[in-house]
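To start, the structure under review is shown below, and the notes come after it.
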Amino acid sequence: MSSETLFRRITDPAARADPYPLYAELREHGVARQEDGRYLVGTYHEIEALLHDPRVSSDVRKRTAPDPDLLPVEGLPPAFIGIDDPEHDRQRRLAMRPFGPPHSPGRIDALRGGMTRVAEELADGLRGRQRVDLVEDFAFPLPITVICDLFGVPESDRHQVHVWADTVIAGLDFTPGEDPGPRRRAAHEARLAMGRYLGGLAAERRGHPAGDLLSGLADDDGPDGRLTDQELMLTAVLLLIAGHETTVNLITNGMLTLLRHPAELERLRERPELMPSAVEELLRYEPPVQLLPQRTPLADVEVGGVTVPAGAPLILVLASGNRDPLRFPDPDRFDPAREDNVHFGFGSGVHACFGAPLARLETQIALTTLLARLDRPRLLEDPPPYRTSPVLRGPRHLPLALG
Amino acid sequence: MQVVVDLNRCQGYAQCVFLVPEVFELHGEEALMYTPRVPDGQRERVLRAAVACPVRAILVGEPAGAE
């Protein structure tokens, strides 16, 4: 089949359970220009170079032709994930101040005990049941609890936050033949409502900091000043949603992969100290973020012998780079002890995942707890039903038999 | 246990500082400082940090001549 239809075939929900053969086809072509003018890149070294190239923008407003799938919320600028340096750098540094080093080095480390407790409670809640859905019963509630704790969202508001987050994420899915308009509008409304809510919460904390991340964003003046009210809202919504959906998929993809590799699962159950390296391999082998759809060259850029013109949509297929045999020996093998594993699970370059340290720790704890506490888990459907999004890929449900 | 960070490789991702703030520290925004001799209670966490380093700049081992 023509390499010009690769993007259409990758985004087809029929490919969701196993997109990897399409990625192999993409790598054969190096850079693949699509029928609609998009350029796809799927080889490791080319992706790496582009992620570190200052001529490649993350701001979709730099596109020659606007992409209806990526339109920003009307009247609002993008959050820092969708803008370039130096403005991106200023906002990201301000957001990092209450989240991590150098100003708040102990923030994530301090969540360890609480995360373990929540994971154990959720896993123990599955005892005695013969059939569970790992997504609804574990992988979804854990990250939302952790991120709401981190932000200081009161218990009474969490259900609402959960509904908003779900609506925003549903807006990313699509069904062929269905008008995506209503779902996108609902997602858009949910995003605005969430922003207003978090903005209000931040305003309450200003002058009355409660020790949480939102208080830090609202109240703490560093040498660079602080985020404007609008930037704070956009940043809070971004972190809350990003910290949520991606981790759900990492935990679920992780459990699915381990259940497909029972010898590795057994080894990790016996030696939980191997889990950190297993999580890195999961980030390579089944990454929750499969591709970055929002890059645009600001000048004509030469990639693998092809010139990608300024303003053209440039799509970096991270999950394909992770399986590139020119970078990783035996790339289709799941090897939790893989040594040389500089994967793109969290991207790379100036936009490398902000929440990576939280996702790492959370997934290590989640999978260790599941292996220790679930009674003989078995897959009931393989492959399980997937969400349709080709960007944030993961099972919609993961039905397991226990006992 | 001893730790050495290849500072030519280090890109300041700071994953180690998140995971073991007792051993790894950011000096300013980018420069990494660390305690070469790892306290006994931190061994497991330093191993986690070594695996989590996006550029694999952290080397962990026993000092030469150790039992």
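Ligands are numbered from 1 in the order shown, chains are lettered A, B, ... in the order of the structure tokens, and residues start at 1 in each chain.
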- Can you tell me, as a list in words, what residues are no more than 9 Å from Pro39 in chain B when counting only C-alpha atoms, ignoring any on the same chain fewer than 4 positions away?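 The contact residues come out as Met1, Val23, Thr35 and Arg43 of chain B.
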Please produce a file of the residues just selected, as a PDB file, in the first residue's frame, where the atoms kept are N, CA and C atoms.
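Saved the output as out.pdb:
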```pdb
ATOM      1  N   MET B   1      28.113   1.610  48.878  1.00  0.00           N
ATOM      2  CA  MET B   1      27.803   1.895  47.482  1.00  0.00           C
ATOM      3  C   MET B   1      28.290   3.288  47.114  1.00  0.00           C
ATOM      4  N   VAL B  23      20.474  12.582  47.974  1.00  0.00           N
ATOM      5  CA  VAL B  23      21.765  12.264  47.356  1.00  0.00           C
ATOM      6  C   VAL B  23      22.067  13.184  46.167  1.00  0.00           C
ATOM      7  N   THR B  35      26.105  13.299  46.304  1.00  0.00           N
ATOM      8  CA  THR B  35      26.915  12.726  47.370  1.00  0.00           C
ATOM      9  C   THR B  35      27.481  11.405  46.854  1.00  0.00           C
ATOM     10  N   ARG B  43      20.185   3.062  49.152  1.00  0.00           N
ATOM     11  CA  ARG B  43      20.712   2.266  48.033  1.00  0.00           C
ATOM     12  C   ARG B  43      19.650   1.960  46.987  1.00  0.00           C
TER      13      ARG B  43
END
```
- Using only C-alpha atoms, find the residues of chain B whose closest atom to chain A is at most 9 Å away, then write them as a list of chain:residue names. B:Tyr13, B:Ala14, B:Gln15, B:Cys16, B:Val17, B:Phe18, B:Leu19, B:Val20, B:Pro21, B:Glu22, B:Glu25, B:Leu26, B:His27, B:Gly28, B:Glu29, B:Glu30, B:Glu44, B:Leu47, B:Arg48, B:Ala49, B:Val51, B:Ala52, B:Cys53, B:Pro54, B:Val55, B:Arg56
Pull N, CA, C and O atoms from the residues just selected and write them as a tab-separated table (two decimals), in the first residue's frame.
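The new file result-v8.tsv reads:
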```tsv
chain	number	residue	atom	x	y	z
B	13	TYR	N	17.88	16.74	33.34
B	13	TYR	CA	16.47	16.31	33.41
B	13	TYR	C	15.99	16.23	34.86
B	13	TYR	O	14.80	16.26	35.12
B	14	ALA	N	16.94	16.04	35.77
B	14	ALA	CA	16.67	16.09	37.22
B	14	ALA	C	15.78	14.96	37.73
B	14	ALA	O	15.25	15.04	38.83
B	15	GLN	N	15.64	13.88	36.96
B	15	GLN	CA	14.83	12.75	37.44
B	15	GLN	C	15.41	12.19	38.74
B	15	GLN	O	14.67	11.79	39.63
B	16	CYS	N	16.74	12.18	38.85
B	16	CYS	CA	17.38	11.64	40.06
B	16	CYS	C	17.09	12.53	41.27
B	16	CYS	O	16.95	12.03	42.39
B	17	VAL	N	16.99	13.84	41.03
B	17	VAL	CA	16.75	14.75	42.16
B	17	VAL	C	15.33	14.57	42.70
B	17	VAL	O	15.10	14.64	43.91
B	18	PHE	N	14.38	14.29	41.80
B	18	PHE	CA	13.02	14.00	42.24
B	18	PHE	C	13.00	12.73	43.09
B	18	PHE	O	12.28	12.64	44.07
B	19	LEU	N	13.78	11.74	42.66
B	19	LEU	CA	13.66	10.41	43.28
B	19	LEU	C	14.47	10.28	44.57
B	19	LEU	O	14.07	9.57	45.47
B	20	VAL	N	15.63	10.92	44.63
B	20	VAL	CA	16.46	10.82	45.84
B	20	VAL	C	17.03	12.20	46.19
B	20	VAL	O	18.23	12.45	46.04
B	21	PRO	N	16.18	13.09	46.71
B	21	PRO	CA	16.68	14.45	46.99
B	21	PRO	C	17.80	14.48	48.03
B	21	PRO	O	18.55	15.45	48.10
B	22	GLU	N	17.96	13.37	48.79
B	22	GLU	CA	19.02	13.32	49.80
B	22	GLU	C	20.41	13.15	49.17
B	22	GLU	O	21.41	13.48	49.78
B	25	GLU	N	21.26	16.78	44.02
B	25	GLU	CA	20.75	18.12	44.29
B	25	GLU	C	21.04	19.00	43.07
B	25	GLU	O	22.09	18.86	42.44
B	26	LEU	N	20.11	19.88	42.75
B	26	LEU	CA	20.38	20.84	41.67
B	26	LEU	C	20.98	22.09	42.28
B	26	LEU	O	20.42	22.67	43.21
B	27	HIS	N	22.08	22.50	41.72
B	27	HIS	CA	22.69	23.76	42.13
B	27	HIS	C	22.31	24.77	41.05
B	27	HIS	O	22.73	24.65	39.91
B	28	GLY	N	21.46	25.73	41.41
B	28	GLY	CA	20.90	26.59	40.38
B	28	GLY	C	19.90	25.78	39.58
B	28	GLY	O	19.31	24.83	40.08
B	29	GLU	N	19.74	26.09	38.30
B	29	GLU	CA	18.70	25.43	37.51
B	29	GLU	C	19.20	24.17	36.84
B	29	GLU	O	18.42	23.33	36.45
B	30	GLU	N	20.50	24.05	36.64
B	30	GLU	CA	20.98	22.96	35.79
B	30	GLU	C	22.10	22.14	36.36
B	30	GLU	O	22.21	20.95	36.06
B	44	GLU	N	18.52	1.46	47.44
B	44	GLU	CA	17.49	1.03	46.49
B	44	GLU	C	17.00	2.23	45.67
B	44	GLU	O	16.78	2.13	44.46
B	47	LEU	N	19.47	3.22	43.00
B	47	LEU	CA	19.37	2.30	41.85
B	47	LEU	C	18.19	2.68	40.95
B	47	LEU	O	18.28	2.65	39.73
B	48	ARG	N	17.07	3.06	41.59
B	48	ARG	CA	15.91	3.51	40.81
B	48	ARG	C	16.25	4.76	39.99
B	48	ARG	O	15.87	4.89	38.84
B	49	ALA	N	16.99	5.68	40.64
B	49	ALA	CA	17.36	6.92	39.95
B	49	ALA	C	18.27	6.63	38.77
B	49	ALA	O	18.14	7.24	37.70
B	51	VAL	N	18.33	4.02	36.89
B	51	VAL	CA	17.53	3.48	35.79
B	51	VAL	C	16.69	4.59	35.15
B	51	VAL	O	16.45	4.59	33.94
B	52	ALA	N	16.23	5.53	35.97
B	52	ALA	CA	15.32	6.57	35.47
B	52	ALA	C	16.04	7.68	34.71
B	52	ALA	O	15.39	8.51	34.07
B	53	CYS	N	17.36	7.73	34.78
B	53	CYS	CA	18.08	8.82	34.10
B	53	CYS	C	17.87	8.72	32.60
B	53	CYS	O	18.24	7.73	31.98
B	54	PRO	N	17.26	9.76	31.98
B	54	PRO	CA	16.95	9.67	30.55
B	54	PRO	C	18.18	9.57	29.66
B	54	PRO	O	18.06	9.17	28.51
B	55	VAL	N	19.36	9.95	30.16
B	55	VAL	CA	20.55	9.83	29.33
B	55	VAL	C	21.57	8.86	29.94
B	55	VAL	O	22.72	8.78	29.48
B	56	ARG	N	21.13	8.11	30.94
B	56	ARG	CA	21.98	7.08	31.57
B	56	ARG	C	23.35	7.64	31.98
B	56	ARG	O	24.39	7.11	31.62
```
- Quick one: distance from CA of Glu87 in chain A to CA of Met194 in chain A in Å, one decimal?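 According to the coordinates, CA of Glu87 in chain A and CA of Met194 in chain A are separated by 23.5 Å.
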- Secondary structure check, alpha helix (DSSP H) residues of chain B, as a list in words: Gln15, Cys16, Val17, Phe18, Leu19, Arg43, Glu44, Arg45, Val46, Leu47, Arg48, Ala49, Ala50, Val51 and Ala52 of chain B
- Message: Measuring between only C-alpha atoms, which one of A:Ala15, A:Ile365, A:Val56, A:Leu51 shows the shortest distance to Ala299 in chain A?
- Response: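 Closest residue, counting only C-alpha atoms: A:Val56.
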- Using backbone DSSP assignments, extract all strand (DSSP E) residues from chain B; output them as a PyMOL selection string. chain B and resi 2-5+24-27+31-34+58-61
- Query: Pick from A:Val317, A:Leu371, A:Val303, A:Leu238: nearest to Glu270 in chain A, with only C-alpha atoms counted?
  - Reply: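 Distance minimum relative to Glu270 in chain A lands on A:Leu371.
We find CA of Arg284 in chain A and CA of Leu32 in chain B to be spaced 26.1 Å apart.
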- Considering only C-alpha atoms, state which residue in the set A:Ile81, A:Ile147, A:Ala95, A:Ile10 is at the smallest distance from Val391 in chain A. A:Ile10
- Query: Could you pull the residues within 8 Å of Gly254 in chain A, counting only C-alpha atoms, minus those fewer than 5 positions along the same chain, as a VMD selection string?
  - Reply: chain A and resid 279 282 286 367
Could you take the residues named above and write them with all heavy atoms, as a tab-separated table (two decimals), in the first residue's frame?
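Dumped to again-v7.tsv:
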```tsv
chain	number	residue	atom	x	y	z
A	279	VAL	N	9.59	-0.70	34.14
A	279	VAL	CA	8.73	0.43	33.76
A	279	VAL	C	9.39	1.22	32.61
A	279	VAL	O	8.70	1.66	31.68
A	279	VAL	CB	8.44	1.34	34.98
A	279	VAL	CG1	7.78	2.64	34.56
A	279	VAL	CG2	7.54	0.59	35.98
A	282	LEU	N	8.60	-0.67	29.57
A	282	LEU	CA	7.20	-0.46	29.17
A	282	LEU	C	7.04	0.87	28.43
A	282	LEU	O	6.28	0.96	27.46
A	282	LEU	CB	6.29	-0.46	30.39
A	282	LEU	CG	6.04	-1.83	31.00
A	282	LEU	CD1	5.35	-1.68	32.36
A	282	LEU	CD2	5.19	-2.67	30.06
A	286	GLU	N	5.44	-0.06	25.00
A	286	GLU	CA	4.02	0.30	24.84
A	286	GLU	C	3.79	1.70	25.42
A	286	GLU	O	3.12	1.87	26.44
A	286	GLU	CB	3.13	-0.71	25.59
A	286	GLU	CG	3.02	-2.07	24.93
A	286	GLU	CD	2.01	-2.12	23.79
A	286	GLU	OE1	1.81	-1.10	23.12
A	286	GLU	OE2	1.41	-3.20	23.61
A	367	LEU	N	2.26	-1.18	39.73
A	367	LEU	CA	2.48	-2.53	39.20
A	367	LEU	C	3.03	-3.46	40.30
A	367	LEU	O	2.63	-4.62	40.39
A	367	LEU	CB	3.41	-2.49	37.99
A	367	LEU	CG	2.83	-1.78	36.76
A	367	LEU	CD1	3.86	-1.71	35.63
A	367	LEU	CD2	1.55	-2.46	36.26
```
- Message: Please list as number ranges by chain every residue within 12 Å of Pro63 in chain B, counting only C-alpha atoms and excluding residues in the same chain fewer than 3 positions away.
- Response: B: 1-4, 36-38, 59-60, 66-67
Selection export as a CSV table (one decimal), in the first residue's frame, atoms kept: C-alpha atoms:
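Heads up, here's the output in out.csv:
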```csv
chain,number,residue,atom,x,y,z
B,1,MET,CA,27.8,1.9,47.5
B,2,GLN,CA,29.3,4.7,45.4
B,3,VAL,CA,27.8,6.8,42.7
B,4,VAL,CA,29.4,8.7,39.9
B,36,PRO,CA,29.3,10.1,46.0
B,37,ARG,CA,29.1,7.8,49.0
B,38,VAL,CA,25.5,6.6,49.2
B,59,LEU,CA,27.0,5.0,37.3
B,60,VAL,CA,26.6,2.9,40.5
B,66,ALA,CA,35.5,-3.0,48.8
B,67,GLU,CA,34.6,-6.4,50.2
```
- In Å, with one decimal, what is the gap from CA of Arg127 in chain A to CA of Val163 in chain A?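 Computing the Euclidean distance for CA of Arg127 in chain A and CA of Val163 in chain A yields 26.7 Å.
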- What lies within 10 Å of Thr228 in chain A using only C-alpha atoms, ignoring chain neighbours under 3 positions off, as a ChimeraX atom specification? /A:91,217-218,225,231-234
I need the chosen residues saved as a CSV table (one decimal), in the first residue's frame, with C-alpha atoms.
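The resulting file, out-v5.csv, is shown below:
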```
chain,number,residue,atom,x,y,z
A,91,GLN,CA,6.1,29.2,32.1
A,217,LEU,CA,1.5,28.3,41.8
A,218,ALA,CA,-0.8,30.9,43.1
A,225,GLY,CA,7.6,36.5,39.4
A,231,GLU,CA,-1.5,31.2,32.5
A,232,LEU,CA,-2.1,29.6,35.9
A,233,MET,CA,-5.5,28.3,34.7
A,234,LEU,CA,-4.1,26.9,31.5
```
